[in-house]
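Just structure10.csv here, CSV, C-alpha atoms:
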chain,number,residue,atom,x,y,z
E,1,MET,CA,1.1,-62.1,53.0
E,2,LYS,CA,3.4,-64.6,51.3
E,3,ILE,CA,1.0,-64.9,48.3
E,4,PHE,CA,0.8,-61.2,48.2
E,5,VAL,CA,4.6,-60.8,47.9
E,6,GLU,CA,4.7,-63.6,45.4
E,7,ASP,CA,2.1,-61.8,43.3
E,8,ILE,CA,4.2,-58.6,43.3
E,9,LYS,CA,7.3,-60.6,42.4
E,10,GLU,CA,5.5,-62.4,39.6
E,11,HIS,CA,4.3,-59.1,38.1
E,12,LEU,CA,7.2,-56.9,39.1
E,13,GLY,CA,7.6,-55.5,35.7
E,14,HIS,CA,3.9,-54.5,35.5
E,15,TYR,CA,4.0,-52.8,38.9
E,16,LEU,CA,7.2,-51.0,38.2
E,17,ALA,CA,5.7,-49.7,35.0
E,18,LEU,CA,2.7,-48.5,37.1
E,19,VAL,CA,4.9,-46.8,39.7
E,20,PHE,CA,6.8,-45.1,36.9
E,21,ILE,CA,3.6,-43.8,35.3
E,22,LEU,CA,2.3,-42.5,38.6
E,23,ALA,CA,5.6,-41.0,39.7
E,24,PHE,CA,5.9,-39.3,36.3
E,25,GLY,CA,2.3,-37.9,36.7
E,26,VAL,CA,2.9,-36.6,40.2
E,27,GLY,CA,6.3,-35.1,39.1
E,28,ALA,CA,4.6,-33.4,36.2
E,29,LEU,CA,1.9,-31.9,38.5
E,30,VAL,CA,4.6,-30.5,40.8
E,31,PHE,CA,6.8,-29.3,37.9
E,32,PHE,CA,3.9,-27.4,36.4
E,33,GLN,CA,2.9,-25.9,39.7
E,34,ARG,CA,2.5,-22.4,38.1
E,35,THR,CA,0.7,-23.6,35.0
E,36,PRO,CA,-2.8,-25.0,35.8
E,37,GLN,CA,-3.6,-25.9,32.2
E,38,MET,CA,-0.5,-28.1,32.1
E,39,GLN,CA,-1.4,-29.6,35.5
E,40,ILE,CA,-4.9,-30.6,34.2
E,41,ILE,CA,-3.4,-32.1,31.1
E,42,SER,CA,-0.8,-34.0,33.2
E,43,ALA,CA,-3.6,-35.3,35.5
E,44,PHE,CA,-5.7,-36.4,32.5
E,45,LEU,CA,-2.8,-38.2,30.8
E,46,THR,CA,-1.9,-39.9,34.1
E,47,ALA,CA,-5.5,-41.2,34.4
E,48,CYS,CA,-5.5,-42.3,30.8
E,49,PHE,CA,-2.2,-44.1,31.1
E,50,TYR,CA,-3.4,-45.8,34.3
E,51,VAL,CA,-6.5,-47.2,32.4
E,52,LEU,CA,-4.2,-48.3,29.6
E,53,TRP,CA,-1.9,-50.0,32.1
E,54,GLY,CA,-4.9,-51.9,33.5
E,55,VAL,CA,-6.1,-53.0,30.1
E,56,VAL,CA,-2.6,-54.2,29.1
E,57,HIS,CA,-2.0,-55.9,32.4
E,58,HIS,CA,-5.3,-57.8,32.3
E,59,TYR,CA,-4.8,-58.6,28.6
E,60,ILE,CA,-1.4,-60.2,29.4
E,61,GLU,CA,-3.0,-62.0,32.3
E,62,LYS,CA,-5.8,-63.2,30.0
E,63,ASP,CA,-8.6,-62.0,32.3
E,64,LEU,CA,-9.5,-58.8,30.4
E,65,HIS,CA,-13.3,-58.1,30.6
E,66,ILE,CA,-15.3,-54.9,30.0
E,67,ARG,CA,-16.3,-54.9,33.7
E,68,VAL,CA,-12.7,-54.7,34.6
E,69,VAL,CA,-12.0,-51.9,32.2
E,70,ILE,CA,-15.0,-50.0,33.6
E,71,GLU,CA,-13.6,-50.4,37.1
E,72,TYR,CA,-10.3,-48.9,36.1
E,73,ILE,CA,-12.1,-46.0,34.2
E,74,THR,CA,-14.3,-45.3,37.2
E,75,VAL,CA,-11.3,-45.0,39.6
E,76,ALA,CA,-9.3,-43.0,37.1
E,77,LEU,CA,-12.2,-40.7,36.6
E,78,LEU,CA,-12.5,-40.1,40.3
E,79,GLY,CA,-8.8,-39.5,40.7
E,80,PHE,CA,-8.8,-37.0,37.8
E,81,LEU,CA,-11.9,-35.2,39.1
E,82,ILE,CA,-10.3,-34.8,42.5
E,83,LEU,CA,-7.1,-33.4,41.0
E,84,TRP,CA,-9.0,-31.1,38.6
E,85,SER,CA,-11.1,-29.7,41.5
E,86,ILE,CA,-8.0,-28.9,43.5
E,87,ILE,CA,-6.1,-27.5,40.5
E,88,ILE,CA,-8.9,-25.1,39.5
E,89,ARG,CA,-9.2,-23.8,43.0
E,90,THR,CA,-5.5,-23.0,43.4
M,1,MET,CA,-23.8,-53.5,61.1
M,2,SER,CA,-24.2,-55.8,58.2
M,3,PHE,CA,-24.7,-52.8,56.0
M,4,LEU,CA,-21.3,-51.5,57.0
M,5,LEU,CA,-19.8,-54.9,56.7
M,6,ASN,CA,-21.1,-55.2,53.1
M,7,LEU,CA,-19.9,-51.7,52.4
M,8,PHE,CA,-16.3,-52.0,53.6
M,9,PHE,CA,-15.4,-55.6,54.0
M,10,PRO,CA,-15.1,-58.4,51.4
M,11,HIS,CA,-17.0,-61.5,52.4
M,12,PHE,CA,-19.4,-64.1,51.0
M,13,GLY,CA,-22.4,-61.8,51.4
M,14,ASN,CA,-21.1,-59.2,49.0
M,15,ASN,CA,-19.5,-61.6,46.6
M,16,HIS,CA,-16.0,-61.2,48.1
M,17,LYS,CA,-15.7,-57.5,47.3
M,18,ALA,CA,-16.6,-54.5,49.5
M,19,LYS,CA,-19.5,-52.6,47.9
M,20,ILE,CA,-17.8,-49.3,48.1
M,21,ILE,CA,-15.0,-50.4,45.8
M,22,LYS,CA,-17.3,-52.0,43.3
M,23,THR,CA,-17.9,-50.0,40.1
M,24,HIS,CA,-21.2,-48.6,41.2
M,25,GLY,CA,-19.9,-47.7,44.7
M,26,ILE,CA,-17.0,-45.7,43.2
M,27,PHE,CA,-19.4,-44.2,40.7
M,28,ILE,CA,-21.7,-43.0,43.5
M,29,LEU,CA,-18.7,-41.5,45.3
M,30,THR,CA,-17.6,-39.7,42.2
M,31,LEU,CA,-21.1,-38.3,41.6
M,32,SER,CA,-21.3,-37.2,45.2
M,33,PHE,CA,-17.9,-35.5,44.9
M,34,VAL,CA,-19.1,-33.7,41.7
M,35,PHE,CA,-22.4,-32.6,43.3
M,36,PHE,CA,-20.6,-31.4,46.3
M,37,GLN,CA,-18.2,-29.3,44.2
M,38,VAL,CA,-21.2,-27.7,42.4
M,39,PHE,CA,-22.9,-27.0,45.7
M,40,LEU,CA,-19.6,-25.5,47.0
M,41,ASN,CA,-19.4,-23.1,44.0
M,42,PHE,CA,-23.0,-21.9,44.6
M,43,PHE,CA,-22.5,-21.6,48.4
M,44,ALA,CA,-19.2,-19.8,48.0
M,45,LEU,CA,-20.7,-17.3,45.6
M,46,SER,CA,-23.8,-16.7,47.8
M,47,ARG,CA,-21.8,-16.6,51.1
M,48,PRO,CA,-18.4,-15.2,50.3
M,49,ALA,CA,-17.9,-14.1,53.9
M,50,VAL,CA,-18.0,-17.8,54.9
M,51,LEU,CA,-15.9,-19.4,52.2
M,52,GLY,CA,-13.9,-16.4,51.0
M,53,PHE,CA,-14.6,-17.3,47.4
M,54,SER,CA,-13.2,-14.8,44.9
M,55,ALA,CA,-10.3,-14.3,42.6
M,56,ASN,CA,-10.4,-10.6,43.2
M,57,ILE,CA,-8.3,-10.0,46.3
M,58,SER,CA,-8.9,-6.5,47.6
M,59,PRO,CA,-5.9,-4.5,49.0
M,60,GLU,CA,-8.2,-3.3,51.8
M,61,LYS,CA,-8.8,-6.9,52.9
M,62,ILE,CA,-5.0,-7.6,52.8
M,63,ILE,CA,-4.4,-4.6,55.0
M,64,GLU,CA,-7.2,-5.5,57.3
M,65,LEU,CA,-6.0,-9.1,57.8
M,66,THR,CA,-2.4,-7.8,58.2
M,67,ASN,CA,-3.6,-5.5,61.0
M,68,ILE,CA,-5.5,-8.3,62.7
M,69,GLU,CA,-2.3,-10.4,62.7
M,70,ARG,CA,-0.3,-7.4,64.0
M,71,ALA,CA,-2.9,-6.9,66.8
M,72,LYS,CA,-2.4,-10.6,67.8
M,73,ALA,CA,1.4,-9.9,68.0
M,74,ASN,CA,0.9,-6.7,69.9
M,75,ALA,CA,2.3,-4.6,67.1
M,76,GLY,CA,0.6,-1.3,66.2
M,77,ALA,CA,-1.9,-1.1,63.4
M,78,LEU,CA,-0.6,0.1,60.1
M,79,ARG,CA,-2.0,3.2,58.3
M,80,GLU,CA,-2.6,2.9,54.6
M,81,SER,CA,-0.4,5.2,52.7
M,82,ARG,CA,-1.4,6.3,49.2
M,83,LEU,CA,2.2,6.7,48.3
M,84,LEU,CA,3.1,3.2,49.3
M,85,SER,CA,0.0,1.9,47.5
M,86,GLU,CA,1.2,3.7,44.3
M,87,ALA,CA,4.7,2.3,44.8
M,88,ALA,CA,3.3,-1.2,45.1
M,89,ARG,CA,1.2,-0.7,42.0
M,90,GLN,CA,4.3,0.5,40.1
M,91,LYS,CA,6.3,-2.5,41.4
M,92,ALA,CA,3.6,-4.9,40.1
M,93,ALA,CA,3.5,-3.1,36.8
M,94,ASP,CA,7.3,-3.3,36.5
M,95,MET,CA,7.2,-7.1,37.3
M,96,PHE,CA,4.7,-7.6,34.5
M,97,ALA,CA,6.6,-5.3,32.1
M,98,PHE,CA,9.9,-6.9,32.6
M,99,ASN,CA,8.5,-10.4,33.2
M,100,TYR,CA,10.2,-11.2,36.5
M,101,TRP,CA,9.2,-12.8,39.8
M,102,ALA,CA,11.8,-11.4,42.3
M,103,HIS,CA,12.4,-8.6,44.7
M,104,VAL,CA,15.1,-7.1,42.5
M,105,SER,CA,14.4,-6.6,38.8
M,106,PRO,CA,16.6,-8.2,36.1
M,107,SER,CA,18.2,-4.8,35.5
M,108,GLY,CA,19.2,-4.6,39.2
M,109,ARG,CA,16.4,-2.3,40.4
M,110,SER,CA,15.7,-2.8,44.1
M,111,PRO,CA,12.3,-2.6,45.7
M,112,TRP,CA,13.4,0.6,47.5
M,113,ALA,CA,13.7,2.4,44.2
M,114,PHE,CA,9.9,2.3,43.9
M,115,PHE,CA,9.5,4.0,47.3
M,116,THR,CA,11.7,6.9,46.3
M,117,ASP,CA,10.2,7.1,42.8
M,118,VAL,CA,6.8,8.1,44.4
M,119,GLY,CA,8.5,10.5,46.8
M,120,TYR,CA,8.3,8.2,49.9
M,121,ARG,CA,11.4,8.8,52.0
M,122,TYR,CA,11.6,6.0,54.5
M,123,GLN,CA,13.3,5.2,57.7
M,124,TYR,CA,12.4,1.6,57.5
M,125,ALA,CA,11.0,-0.3,54.5
M,126,GLY,CA,10.0,-3.8,53.6
M,127,GLU,CA,8.3,-5.8,50.8
M,128,ASN,CA,6.3,-9.0,50.6
M,129,LEU,CA,5.2,-10.5,47.3
M,130,ALA,CA,2.6,-13.1,46.5
M,131,ARG,CA,1.1,-14.6,43.3
M,132,ASP,CA,-1.6,-17.0,42.2
M,133,PHE,CA,-3.7,-16.9,45.3
M,134,SER,CA,-7.5,-16.7,45.0
M,135,ASP,CA,-8.4,-15.2,48.4
M,136,PRO,CA,-6.8,-12.7,50.7
M,137,SER,CA,-6.7,-14.9,53.8
M,138,SER,CA,-4.6,-17.5,52.0
M,139,VAL,CA,-2.1,-14.8,51.0
M,140,VAL,CA,-1.7,-13.6,54.6
M,141,LYS,CA,-1.6,-17.1,55.9
M,142,ALA,CA,1.2,-18.0,53.5
M,143,TRP,CA,3.2,-15.0,54.6
M,144,LEU,CA,2.6,-15.9,58.2
M,145,ASN,CA,3.9,-19.4,57.6
M,146,SER,CA,7.2,-18.0,56.3
M,147,PRO,CA,9.5,-16.6,59.1
M,148,SER,CA,11.0,-13.8,57.0
M,149,HIS,CA,7.6,-12.6,55.7
M,150,ARG,CA,6.0,-13.0,59.1
M,151,GLU,CA,8.8,-10.8,60.4
M,152,ASN,CA,7.9,-8.1,58.0
M,153,LEU,CA,4.2,-8.5,58.6
M,154,ILE,CA,4.3,-8.1,62.4
M,155,ASN,CA,7.4,-5.8,62.6
M,156,GLY,CA,6.6,-3.1,65.1
M,157,LYS,CA,9.0,-0.7,63.3
M,158,TYR,CA,6.6,-0.2,60.5
M,159,GLN,CA,3.9,2.4,60.7
M,160,GLU,CA,2.4,2.5,57.2
M,161,ILE,CA,1.4,0.0,54.5
M,162,GLY,CA,0.5,0.0,50.8
M,163,VAL,CA,-0.9,-2.9,48.9
M,164,ALA,CA,-1.5,-3.4,45.2
M,165,VAL,CA,-3.3,-6.4,43.6
M,166,VAL,CA,-2.7,-6.5,39.8
M,167,ASP,CA,-3.8,-9.1,37.2
M,168,GLY,CA,-1.6,-9.8,34.2
M,169,THR,CA,0.5,-12.4,32.5
M,170,LEU,CA,3.8,-13.2,34.2
M,171,GLN,CA,6.2,-15.7,32.6
M,172,GLY,CA,3.5,-16.9,30.3
M,173,VAL,CA,0.9,-17.5,33.0
M,174,GLU,CA,-2.1,-15.5,33.9
M,175,THR,CA,-1.4,-14.3,37.4
M,176,THR,CA,-2.7,-12.2,40.2
M,177,LEU,CA,0.2,-10.4,41.8
M,178,VAL,CA,0.0,-9.0,45.3
M,179,VAL,CA,2.6,-6.5,46.3
M,180,GLN,CA,2.7,-5.4,50.0
M,181,LEU,CA,5.0,-2.6,51.0
M,182,PHE,CA,5.7,-1.5,54.5
M,183,GLY,CA,7.3,1.7,55.5
M,184,THR,CA,8.1,4.2,58.3
M,185,PRO,CA,8.6,7.8,57.1
M,186,TYR,CA,12.0,9.2,57.9
M,187,GLY,CA,12.0,10.9,61.2
M,188,ALA,CA,9.0,9.2,62.6
M,189,VAL,CA,9.3,7.5,65.9
M,190,ALA,CA,8.9,3.7,65.6
M,191,PRO,CA,6.5,2.2,68.2
M,192,LYS,CA,8.1,0.0,70.8
M,193,ALA,CA,6.0,-3.1,70.1
M,194,GLN,CA,8.9,-5.5,69.7
M,195,GLU,CA,12.6,-5.8,69.1
M,196,PRO,CA,13.4,-5.4,65.4
M,197,LYS,CA,15.1,-8.3,63.8
M,198,THR,CA,16.7,-7.5,60.5
M,199,ALA,CA,20.0,-9.4,60.4
M,200,GLU,CA,19.1,-12.9,59.3
M,201,ALA,CA,16.4,-12.5,56.8
M,202,GLU,CA,17.7,-12.1,53.2
M,203,GLU,CA,14.4,-11.2,51.7
M,204,PRO,CA,12.2,-9.3,52.5
M,205,ILE,CA,14.5,-6.7,54.0
M,206,VAL,CA,14.3,-3.8,56.4
M,207,VAL,CA,16.4,-1.0,55.2
M,208,PRO,CA,17.3,2.3,57.0
M,209,ILE,CA,18.0,5.5,55.1
M,210,GLU,CA,19.5,8.7,56.2
M,211,LYS,CA,17.6,11.5,54.5
M,212,PRO,CA,14.2,12.8,56.0
M,213,ALA,CA,11.3,13.7,53.8
M,214,PRO,CA,7.7,14.8,54.0
M,215,LEU,CA,4.9,12.3,53.8
M,216,SER,CA,1.3,12.1,52.7
M,217,ASN,CA,-0.8,9.6,54.5
M,218,GLU,CA,-4.3,8.2,54.4
M,219,VAL,CA,-5.6,6.7,57.6
M,220,LEU,CA,-6.8,3.1,57.2
M,221,SER,CA,-10.5,2.5,57.6
M,222,LYS,CA,-11.1,0.1,60.5
M,223,GLY,CA,-14.4,-1.4,59.1
M,224,GLN,CA,-15.0,-4.8,60.8
M,225,GLU,CA,-15.6,-7.1,57.8
M,226,THR,CA,-16.0,-10.8,58.5
M,227,VAL,CA,-12.9,-12.8,57.9
M,228,PRO,CA,-13.7,-15.9,55.7
M,229,VAL,CA,-13.9,-19.0,57.8
M,230,THR,CA,-12.2,-21.2,55.2
M,231,SER,CA,-11.6,-21.4,51.5
M,232,PRO,CA,-13.2,-23.7,48.9
M,233,LEU,CA,-9.8,-25.2,48.2
M,234,ASP,CA,-9.4,-26.3,51.9
M,235,ILE,CA,-12.9,-27.9,51.8
M,236,THR,CA,-12.2,-29.6,48.5
M,237,LYS,CA,-8.9,-31.0,49.8
M,238,ALA,CA,-10.5,-32.1,53.0
M,239,MET,CA,-13.3,-34.0,51.1
M,240,ALA,CA,-10.7,-35.5,48.7
M,241,PHE,CA,-8.6,-36.7,51.6
M,242,VAL,CA,-11.6,-38.3,53.3
M,243,ILE,CA,-12.7,-40.1,50.0
M,244,LEU,CA,-9.2,-41.2,49.1
M,245,GLY,CA,-8.5,-42.3,52.7
M,246,ILE,CA,-11.6,-44.5,52.8
M,247,LEU,CA,-11.0,-46.0,49.4
M,248,ILE,CA,-7.3,-46.7,50.1
M,249,GLY,CA,-8.2,-48.3,53.4
M,250,VAL,CA,-10.8,-50.5,51.8
M,251,PHE,CA,-8.6,-51.5,48.9
M,252,ALA,CA,-5.8,-52.3,51.4
M,253,VAL,CA,-8.2,-54.6,53.4
M,254,ASP,CA,-9.3,-56.2,50.1
M,255,VAL,CA,-5.6,-56.9,49.2
M,256,PHE,CA,-4.8,-58.5,52.5
M,257,VAL,CA,-8.1,-60.4,52.9
M,258,ILE,CA,-8.5,-61.6,49.3
M,259,SER,CA,-4.9,-62.3,48.4
M,260,PRO,CA,-4.3,-65.1,51.0
M,261,LYS,CA,-7.6,-66.8,50.1
M,262,GLN,CA,-6.8,-66.6,46.4
M,263,THR,CA,-10.5,-66.1,45.8
M,264,PRO,CA,-11.2,-66.3,42.1
M,265,ARG,CA,-13.1,-63.2,40.9
M,266,LEU,CA,-13.4,-61.0,37.8
M,267,SER,CA,-12.1,-57.7,39.1
M,268,SER,CA,-9.4,-55.0,38.8
M,269,ARG,CA,-6.2,-55.4,40.8
M,270,SER,CA,-6.9,-53.9,44.2
M,271,LEU,CA,-3.2,-53.3,44.7
M,272,ALA,CA,-3.0,-51.2,41.5
M,273,GLN,CA,-6.1,-49.3,42.5
M,274,MET,CA,-4.7,-48.6,45.9
M,275,VAL,CA,-1.3,-47.4,44.5
M,276,PHE,CA,-3.1,-45.1,42.0
M,277,LEU,CA,-5.3,-43.6,44.7
M,278,LEU,CA,-2.1,-43.1,46.9
M,279,ALA,CA,-0.5,-41.2,44.0
M,280,ILE,CA,-3.6,-39.0,43.8
M,281,LEU,CA,-3.4,-38.4,47.6
M,282,VAL,CA,0.3,-37.5,47.4
M,283,ALA,CA,-0.4,-35.2,44.4
M,284,SER,CA,-3.3,-33.5,46.3
M,285,PHE,CA,-0.9,-32.8,49.2
M,286,MET,CA,1.7,-31.4,46.9
M,287,ILE,CA,-0.5,-29.0,44.9
M,288,LYS,CA,-0.2,-25.7,46.7
M,289,GLN,CA,-2.0,-22.5,46.2
M,290,GLY,CA,0.0,-19.5,45.1
M,291,ALA,CA,3.6,-18.6,45.8
M,292,ILE,CA,5.3,-16.0,48.0
M,293,LEU,CA,8.5,-14.2,47.8

Go ahead and express the file in the form of structure tokens.
Amino acid sequence: MKIFVEDIKEHLGHYLALVFILAFGVGALVFFQRTPQMQIISAFLTACFYVLWGVVHHYIEKDLHIRVVIEYITVALLGFLILWSIIIRT
Amino acid sequence: MSFLLNLFFPHFGNNHKAKIIKTHGIFILTLSFVFFQVFLNFFALSRPAVLGFSANISPEKIIELTNIERAKANAGALRESRLLSEAARQKAADMFAFNYWAHVSPSGRSPWAFFTDVGYRYQYAGENLARDFSDPSSVVKAWLNSPSHRENLINGKYQEIGVAVVDGTLQGVETTLVVQLFGTPYGAVAPKAQEPKTAEAEEPIVVPIEKPAPLSNEVLSKGQETVPVTSPLDITKAMAFVILGILIGVFAVDVFVISPKQTPRLSSRSLAQMVFLLAILVASFMIKQGAIL
């Protein structure tokens, strides 16, 4: 637990940027509640910025590898598809 | 047992990362989700009675579901009135023409003006509005979840109903508007199903009027159509919550098991993945179908 907290402290700026990206994405989805096209664009951009965050974070940490990028892309794709499926059914 | 351990728990045997959160594990989950969505579309189209899939909400279905809810509340069944249906259609047309989403138009025209325009003289009247719903049961469910709309829906004072469902562009968005009007013709005796409550609710409103008038009615058909069991949206959300819940849980275990050990591995940050999926979960909760007024 101590190491976990220290990791967050060490990368506080990175995680704050991530929280900002995600909060902005969720806020946009709620703000565009009556505009599905804008919701889909918001979800897509949030997923893209998430992948970008991962790339930048690992680049700074000097452990960037294609395998890592693919992991972020896969999770971002799943998240986007879930939101897209829900949005088109509302 | 070892299969489950490999799937969900990081240990030596799975190279210190649960298989389900490895790239291929998440990819398989993603593909399963996509295939399930395709299946859901086909199933919903072939069995609309089960899933209630359709963007075309029929006024008859809204009336039928309203009467089902009224029966549960021991309120009398409503008769469909052609005059009220026409008034509802005119109200929807007015909302599209003057681009507003409100009970009262920007020019100050009240809902009751549409009743009198078609020659419906009412003793009691009420209005419920809904937009952007894809199935009738979701519309009625949303109204039932709102105390003031529920009050209108099961109010024993009403005897007649008219519903219009109109597609158009409202405030720049393609919309399906549902206008539900309730009325009791002037001079008619209201059934004694329940005590009327009109004071607290601001909108929708129950309004008395003094002057009597003749009325033309059409008796509602009482065909027993099947009420859809659930909607594709509910199923999609349920599946999304299950997938997200499992992944968030496994990523959380990964964070708390791997972090203390400081196991060196080439991998994405599990904490970041967990936070991202949590955001998706929150967003999924917050995306709601339609709006009522």

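The chain M residues that come within 7 Å of chain E are Thr23, Ile26, Phe27, Thr30, Phe133, Ser134, Val173, Leu233, Thr236, Lys237, Ala240, Phe256, Ser259, Pro260, Ser267, Ser268, Phe276, Leu277, Ala279, Ile280, Ala283, Ser284, Met286, Ile287, Lys288, Gln289 and Gly290 of chain M, with only C-alpha atoms taken into account.
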
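Between CA of Ile235 (chain M) and CA of Gly25 (chain M) there is a distance of 22.2 Å.
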
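Distances here use only C-alpha atoms; by that measure, the residue among M:Ile154, M:Ile21, M:Met95, M:Ala87 closest to Lys72 (chain M) is M:Ile154.
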
May I have the residues within 8 Å of Glu86 (chain M) as an MDAnalysis selection string, using all atoms listed in the file and disregarding those fewer than 3 positions away in the same chain? chainID M and resid 82:83 89:90 118 162 164

Can you spit out the residues from that selection as a compact mmCIF listing (two decimals), in the frame of the given file, using C-alpha atoms?
# COMPACT_ATOMS: atom_id res chain seq x y z
CA ARG M 82 -1.40 6.30 49.20
CA LEU M 83 2.20 6.70 48.30
CA ARG M 89 1.20 -0.70 42.00
CA GLN M 90 4.30 0.50 40.10
CA VAL M 118 6.80 8.10 44.40
CA GLY M 162 0.50 0.00 50.80
CA ALA M 164 -1.50 -3.40 45.20

In Å and to one decimal, CA of Val275 (chain M) is distant from CA of His11 (chain M) by 22.5 Å

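Nearest to Pro232 (chain M) of all the residues M:Val178, M:Val104, M:Leu45, M:Ile248 is M:Leu45, counting all atoms listed in the file.
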
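The coordinates place CA of Leu16 (chain E) at 17.9 Å from CA of Val255 (chain M).
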
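Ranking M:Glu160, M:Asp135, M:Glu127, M:Glu151 by their shortest atom-to-atom distance to Val179 (chain M), with all atoms listed in the file included, puts M:Glu127 first.
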